[in-house]
>>> print(open('upload_26.csv').read())   # CSV, C-alpha atoms
chain,number,residue,atom,x,y,z
A,328,MET,CA,-69.0,40.8,-45.3
A,329,ARG,CA,-69.1,40.7,-41.7
A,330,THR,CA,-67.3,43.2,-39.5
A,331,ILE,CA,-65.9,42.3,-36.2
A,332,ALA,CA,-67.1,44.4,-33.3
A,333,PRO,CA,-64.3,46.1,-31.4
A,334,GLY,CA,-63.6,44.8,-27.9
A,335,PRO,CA,-63.8,46.7,-24.8
A,336,VAL,CA,-61.6,49.7,-24.8
A,337,LEU,CA,-59.4,50.3,-21.7
A,338,SER,CA,-59.6,53.6,-20.2
A,339,SER,CA,-56.4,55.7,-19.7
A,340,ARG,CA,-56.3,54.8,-16.1
A,341,ASP,CA,-56.5,51.1,-16.8
A,342,ARG,CA,-53.8,51.3,-19.5
A,343,ARG,CA,-51.6,53.1,-16.9
A,344,ALA,CA,-52.2,50.3,-14.4
A,345,VAL,CA,-51.3,47.7,-17.0
A,346,ARG,CA,-48.1,49.5,-17.8
A,347,VAL,CA,-47.1,49.8,-14.2
A,348,GLY,CA,-48.0,46.1,-13.6
A,349,LEU,CA,-45.8,45.1,-16.6
A,350,LEU,CA,-42.9,47.3,-15.3
A,351,ILE,CA,-43.2,45.4,-12.0
A,352,VAL,CA,-43.8,41.9,-13.3
A,353,ALA,CA,-41.4,42.0,-16.4
A,354,PRO,CA,-38.2,42.3,-14.3
A,355,ALA,CA,-39.3,39.5,-12.0
A,356,VAL,CA,-40.2,37.2,-14.9
A,357,ALA,CA,-36.9,38.1,-16.7
A,358,HIS,CA,-34.9,37.4,-13.5
A,359,GLY,CA,-36.6,34.0,-13.0
A,360,PHE,CA,-36.4,32.8,-16.7
A,361,VAL,CA,-33.2,34.6,-17.9
A,362,VAL,CA,-30.9,35.9,-15.2
A,363,ARG,CA,-31.1,33.0,-12.7
A,364,PRO,CA,-30.4,30.2,-15.3
A,365,TYR,CA,-27.6,32.3,-16.8
A,366,VAL,CA,-25.9,32.9,-13.4
A,367,ALA,CA,-26.3,29.2,-12.5
A,368,SER,CA,-24.7,28.0,-15.8
A,369,THR,CA,-21.9,30.6,-15.4
A,370,LEU,CA,-21.1,29.3,-11.9
A,371,ALA,CA,-21.2,25.7,-13.0
A,372,LEU,CA,-18.9,26.5,-15.9
A,373,ARG,CA,-16.5,28.4,-13.5
A,374,ASP,CA,-16.4,25.4,-11.2
A,375,GLU,CA,-15.7,23.1,-14.2
A,376,VAL,CA,-12.9,25.3,-15.4
A,377,ARG,CA,-11.3,25.4,-11.9
A,378,GLY,CA,-11.5,21.6,-11.8
A,379,GLN,CA,-9.8,21.3,-15.2
A,380,TYR,CA,-7.0,23.7,-14.1
A,381,ALA,CA,-6.4,21.6,-11.0
A,382,LEU,CA,-6.3,18.4,-13.1
A,383,MET,CA,-3.9,20.1,-15.5
A,384,ALA,CA,-1.7,21.1,-12.6
A,385,ARG,CA,-1.6,17.5,-11.3
A,386,GLU,CA,-0.8,16.2,-14.8
A,387,GLU,CA,2.0,18.8,-15.3
A,388,GLU,CA,3.4,17.8,-11.8
A,389,ALA,CA,3.3,14.1,-12.8
A,390,LEU,CA,5.1,14.9,-16.1
A,391,ALA,CA,7.8,16.8,-14.2
A,392,THR,CA,8.5,13.7,-12.1
A,393,VAL,CA,8.6,11.1,-14.9
A,394,SER,CA,12.4,11.0,-15.0
A,395,ALA,CA,12.5,10.5,-11.2
A,396,MET,CA,9.9,7.8,-11.5
A,397,ARG,CA,11.9,6.0,-14.2
A,398,ALA,CA,14.9,6.0,-12.0
A,399,ASP,CA,12.9,4.7,-9.0
A,400,THR,CA,11.4,2.0,-11.2
A,401,ARG,CA,14.8,0.9,-12.4
A,402,SER,CA,16.2,0.7,-8.8
A,403,THR,CA,13.1,-1.2,-7.7
A,404,GLU,CA,13.6,-3.7,-10.6
A,405,ILE,CA,17.2,-4.2,-9.5
A,406,ALA,CA,16.2,-4.6,-5.9
A,407,THR,CA,13.5,-7.1,-6.9
A,408,SER,CA,15.9,-9.2,-9.0
A,409,ARG,CA,18.5,-9.2,-6.1
A,410,ALA,CA,15.8,-10.3,-3.6
A,411,ALA,CA,14.5,-13.0,-6.0
A,412,THR,CA,18.0,-14.6,-6.0
A,413,ARG,CA,17.9,-14.5,-2.2
A,414,ALA,CA,14.5,-16.3,-2.0
A,415,TYR,CA,13.9,-20.1,-2.0
A,416,ASP,CA,12.1,-21.8,-4.8
A,417,ALA,CA,8.3,-21.7,-4.2
A,418,SER,CA,7.4,-24.5,-6.6
A,419,ASP,CA,7.1,-26.7,-3.5
A,420,THR,CA,6.9,-24.9,-0.2
A,421,ALA,CA,7.6,-28.0,1.9
A,422,LEU,CA,10.9,-28.5,0.1
A,423,ALA,CA,11.6,-24.7,0.5
A,424,THR,CA,11.0,-25.0,4.2
A,425,ALA,CA,13.2,-28.0,4.4
A,426,ALA,CA,15.9,-26.1,2.6
A,427,LEU,CA,15.5,-23.2,5.1
A,428,ASP,CA,15.8,-25.8,7.9
A,429,ARG,CA,19.0,-27.2,6.3
A,430,ASP,CA,20.6,-23.7,5.9
A,431,VAL,CA,19.8,-22.6,9.4
A,432,THR,CA,20.9,-25.9,11.0
A,433,ALA,CA,24.1,-25.9,9.0
A,434,ALA,CA,24.9,-22.3,10.2
A,435,LEU,CA,24.3,-23.2,13.8
A,436,HIS,CA,26.4,-26.4,13.6
A,437,ASP,CA,29.2,-24.5,11.8
A,438,ALA,CA,29.1,-22.0,14.7
A,439,GLY,CA,29.5,-24.8,17.3
A,440,LEU,CA,26.0,-25.0,18.6
A,441,THR,CA,24.2,-28.2,19.3
A,442,VAL,CA,20.8,-28.2,17.7
A,443,GLN,CA,18.2,-29.7,20.1
A,444,ARG,CA,14.9,-29.0,18.3
A,445,VAL,CA,13.6,-27.8,15.0
A,446,GLU,CA,9.9,-27.3,14.2
A,447,MET,CA,8.7,-26.3,10.8
A,448,ARG,CA,5.5,-24.3,10.4
A,449,ASP,CA,3.2,-24.0,7.5
A,450,SER,CA,4.2,-21.4,4.9
A,451,VAL,CA,2.1,-18.3,4.6
A,452,ALA,CA,1.3,-16.8,1.2
A,453,ARG,CA,2.0,-13.1,1.0
A,454,ARG,CA,1.5,-10.6,-1.9
A,455,SER,CA,2.7,-11.3,-5.4
A,456,GLY,CA,3.4,-14.9,-5.0
A,457,LEU,CA,5.8,-14.5,-2.0
A,458,HIS,CA,5.6,-17.3,0.6
A,459,GLU,CA,6.9,-16.8,4.2
A,460,LEU,CA,8.6,-19.9,5.5
A,461,THR,CA,8.9,-20.3,9.3
A,462,ILE,CA,10.9,-22.6,11.6
A,463,ASP,CA,11.3,-22.6,15.4
A,464,ILE,CA,14.7,-23.7,16.5
A,465,ARG,CA,16.4,-24.5,19.9
A,466,ALA,CA,20.1,-24.9,20.2
A,467,GLN,CA,22.7,-25.0,23.0
A,468,GLY,CA,26.2,-23.7,23.2
A,469,ASP,CA,28.4,-20.9,24.6
A,470,PHE,CA,27.8,-17.2,24.1
A,471,GLU,CA,30.5,-16.8,21.4
A,472,ALA,CA,29.0,-19.7,19.4
A,473,ILE,CA,25.6,-18.0,19.6
A,474,LEU,CA,27.1,-14.7,18.3
A,475,ASP,CA,28.9,-16.6,15.5
A,476,ALA,CA,25.6,-18.4,14.6
A,477,LEU,CA,23.8,-15.1,14.3
A,478,THR,CA,26.6,-13.7,12.2
A,479,ARG,CA,26.4,-16.7,9.9
A,480,LEU,CA,22.7,-16.4,9.6
A,481,GLU,CA,23.1,-12.7,8.7
A,482,ARG,CA,25.6,-13.5,6.0
A,483,ASN,CA,23.5,-16.3,4.5
A,484,ALA,CA,23.0,-16.1,0.8
A,485,ARG,CA,19.2,-16.4,1.4
A,486,LEU,CA,17.1,-13.6,2.9
A,487,LEU,CA,16.4,-14.6,6.5
A,488,ASN,CA,14.5,-12.8,9.3
A,489,VAL,CA,14.8,-13.6,13.0
A,490,SER,CA,11.5,-12.5,14.5
A,491,ARG,CA,11.9,-13.9,18.0
A,492,PHE,CA,15.1,-14.5,19.8
A,493,GLY,CA,16.0,-15.6,23.3
A,494,ILE,CA,19.0,-16.7,25.3
A,495,GLU,CA,18.8,-18.4,28.7
A,496,LYS,CA,21.0,-20.5,30.9
A,497,ALA,CA,20.9,-24.1,29.8
A,498,ILE,CA,19.1,-26.6,32.0
A,499,GLY,CA,20.0,-30.3,32.0
A,500,GLY,CA,19.8,-32.5,28.9
A,501,ALA,CA,23.1,-32.2,27.0
A,502,PRO,CA,26.3,-32.0,28.9
A,503,ALA,CA,26.2,-28.5,30.3
A,504,SER,CA,29.2,-26.5,31.3
A,505,ALA,CA,29.1,-23.4,33.5
A,506,ASP,CA,28.9,-21.2,30.4
A,507,SER,CA,26.4,-23.3,28.4
A,508,LEU,CA,23.4,-21.3,27.1
A,509,SER,CA,20.2,-22.2,25.4
A,510,PHE,CA,19.3,-20.3,22.2
A,511,VAL,CA,15.7,-20.2,21.0
A,512,ALA,CA,14.6,-18.4,17.9
A,513,VAL,CA,11.8,-18.1,15.3
A,514,ILE,CA,13.4,-17.7,11.8
A,515,HIS,CA,11.7,-16.8,8.6
A,516,GLY,CA,12.8,-17.3,5.1
A,517,TYR,CA,11.0,-16.4,1.9
A,518,ALA,CA,10.2,-18.3,-1.2
A,519,LYS,CA,9.2,-16.9,-4.6
>>> encode(input="upload_26.csv", output="structure tokens")
Amino acid sequence: MRTIAPGPVLSSRDRRAVRVGLLIVAPAVAHGFVVRPYVASTLALRDEVRGQYALMAREEEALATVSAMRADTRSTEIATSRAATRAYDASDTALATAALDRDVTAALHDAGLTVQRVEMRDSVARRSGLHELTIDIRAQGDFEAILDALTRLERNARLLNVSRFGIEKAIGGAPASADSLSFVAVIHGYAK
């Protein structure tokens, strides 16, 4: 049997130096491998919990407004159905623009204006299948007839928007009296 020779034995002074070194190094190693990762994970967890609380608060707020949102949705549906009945049929925008021209021209004639010029523009597609129809119109008549025409356009069963409007003294052309005015407007209708 072979015996193992003992290794070098540390003197008491060396042992004391090793102990002091361990007392100094051990806390630094423990801080680097234990404390720092623990603090980092705790801070990350705290931030996650705060985020979840904020999310829960937003969800509770949304739940509290559900009945109000249902009422808003219902009123929006009613307004949309009313507006749909006031729009022209968009299956053929050329026919819809012609129908707009017919309605506006009829309102101006019924008010006593003489229509001089009507120009149709191309329709412009808007959101959710809505098309904007546009006509430029020029008519002539007296001031009361122009006011009556605007009132008739406002009361039209279809939704109309006058984006540009002008009145000026009539010049030549049709028989003009002292109170004859020229009426120029850009009128929009909508097709769905």
>>> residues_around(input="upload_26.csv", residues="stretch 467-477 of chain A", least_positions_apart="2", cutoff="12 Å", atoms="only C-alpha atoms", output="MDAnalysis selection string")
chainID A and resid 430:444 464:465 479:483 487:489 492:512 514
>>> atom_distance(input="upload_26.csv", atom1="atom CA of A:Asp416", atom2="atom CA of A:Asp449")
15.3 Å
>>> atom_distance(input="upload_26.csv", atom1="atom CA of A:Ala344", atom2="atom CA of A:Gly359")
22.6 Å
>>> atom_distance(input="upload_26.csv", atom1="atom CA of A:Arg429", atom2="atom CA of A:Ile462")
10.7 Å
>>> closest_residue(input="upload_26.csv", among="A:Val345, A:Ala395, A:Leu460, A:Leu382", to="A:Ala426", atoms="only C-alpha atoms")
A:Leu460
>>> closest_residue(input="upload_26.csv", among="A:Val393, A:Ala367, A:Leu486, A:Ala518", to="A:Arg413", atoms="all atoms listed in the file")
A:Leu486
>>> build_atoms(input="upload_26.csv", residues="stretch 372-395 of chain A", atoms="N, CA and C atoms", output="mmCIF file, in the frame of the given file")
data_model
loop_
_atom_site.group_PDB
_atom_site.id
_atom_site.type_symbol
_atom_site.label_atom_id
_atom_site.label_comp_id
_atom_site.auth_asym_id
_atom_site.auth_seq_id
_atom_site.Cartn_x
_atom_site.Cartn_y
_atom_site.Cartn_z
ATOM 1 N N LEU A 372 -19.986 26.491 -14.947
ATOM 2 C CA LEU A 372 -18.900 26.500 -15.900
ATOM 3 C C LEU A 372 -17.586 26.963 -15.204
ATOM 4 N N ARG A 373 -17.690 27.956 -14.298
ATOM 5 C CA ARG A 373 -16.500 28.400 -13.500
ATOM 6 C C ARG A 373 -15.951 27.253 -12.707
ATOM 7 N N ASP A 374 -16.819 26.499 -12.028
ATOM 8 C CA ASP A 374 -16.400 25.400 -11.200
ATOM 9 C C ASP A 374 -15.706 24.295 -12.109
ATOM 10 N N GLU A 375 -16.260 24.046 -13.274
ATOM 11 C CA GLU A 375 -15.700 23.100 -14.200
ATOM 12 C C GLU A 375 -14.300 23.520 -14.671
ATOM 13 N N VAL A 376 -14.153 24.800 -14.969
ATOM 14 C CA VAL A 376 -12.900 25.300 -15.400
ATOM 15 C C VAL A 376 -11.833 25.205 -14.286
ATOM 16 N N ARG A 377 -12.234 25.523 -13.045
ATOM 17 C CA ARG A 377 -11.300 25.400 -11.900
ATOM 18 C C ARG A 377 -10.885 23.915 -11.749
ATOM 19 N N GLY A 378 -11.833 22.995 -11.883
ATOM 20 C CA GLY A 378 -11.500 21.600 -11.800
ATOM 21 C C GLY A 378 -10.525 21.144 -12.883
ATOM 22 N N GLN A 379 -10.724 21.649 -14.088
ATOM 23 C CA GLN A 379 -9.800 21.300 -15.200
ATOM 24 C C GLN A 379 -8.425 21.899 -14.955
ATOM 25 N N TYR A 380 -8.353 23.125 -14.400
ATOM 26 C CA TYR A 380 -7.000 23.700 -14.100
ATOM 27 C C TYR A 380 -6.328 22.866 -13.015
ATOM 28 N N ALA A 381 -7.061 22.414 -11.999
ATOM 29 C CA ALA A 381 -6.400 21.600 -11.000
ATOM 30 C C ALA A 381 -5.958 20.259 -11.559
ATOM 31 N N LEU A 382 -6.752 19.658 -12.443
ATOM 32 C CA LEU A 382 -6.300 18.400 -13.100
ATOM 33 C C LEU A 382 -5.110 18.647 -13.965
ATOM 34 N N MET A 383 -5.081 19.748 -14.691
ATOM 35 C CA MET A 383 -3.900 20.100 -15.500
ATOM 36 C C MET A 383 -2.674 20.273 -14.678
ATOM 37 N N ALA A 384 -2.824 20.931 -13.523
ATOM 38 C CA ALA A 384 -1.700 21.100 -12.600
ATOM 39 C C ALA A 384 -1.136 19.811 -12.124
ATOM 40 N N ARG A 385 -2.017 18.871 -11.759
ATOM 41 C CA ARG A 385 -1.600 17.500 -11.300
ATOM 42 C C ARG A 385 -0.858 16.792 -12.425
ATOM 43 N N GLU A 386 -1.399 16.897 -13.642
ATOM 44 C CA GLU A 386 -0.800 16.200 -14.800
ATOM 45 C C GLU A 386 0.598 16.808 -15.086
ATOM 46 N N GLU A 387 0.727 18.134 -15.016
ATOM 47 C CA GLU A 387 2.000 18.800 -15.300
ATOM 48 C C GLU A 387 3.027 18.356 -14.186
ATOM 49 N N GLU A 388 2.570 18.239 -12.937
ATOM 50 C CA GLU A 388 3.400 17.800 -11.800
ATOM 51 C C GLU A 388 3.895 16.352 -12.081
ATOM 52 N N ALA A 389 2.960 15.513 -12.536
ATOM 53 C CA ALA A 389 3.300 14.100 -12.800
ATOM 54 C C ALA A 389 4.323 14.044 -13.970
ATOM 55 N N LEU A 390 4.126 14.851 -14.984
ATOM 56 C CA LEU A 390 5.100 14.900 -16.100
ATOM 57 C C LEU A 390 6.455 15.339 -15.672
ATOM 58 N N ALA A 391 6.488 16.274 -14.730
ATOM 59 C CA ALA A 391 7.800 16.800 -14.200
ATOM 60 C C ALA A 391 8.537 15.715 -13.480
ATOM 61 N N THR A 392 7.836 14.735 -12.902
ATOM 62 C CA THR A 392 8.500 13.700 -12.100
ATOM 63 C C THR A 392 8.714 12.396 -12.851
ATOM 64 N N VAL A 393 8.469 12.386 -14.149
ATOM 65 C CA VAL A 393 8.600 11.100 -14.900
ATOM 66 C C VAL A 393 10.018 10.596 -14.863
ATOM 67 N N SER A 394 11.025 11.452 -15.014
ATOM 68 C CA SER A 394 12.400 11.000 -15.000
ATOM 69 C C SER A 394 12.761 10.381 -13.641
ATOM 70 N N ALA A 395 12.287 11.024 -12.573
ATOM 71 C CA ALA A 395 12.500 10.500 -11.200
ATOM 72 C C ALA A 395 11.833 9.161 -11.033
#
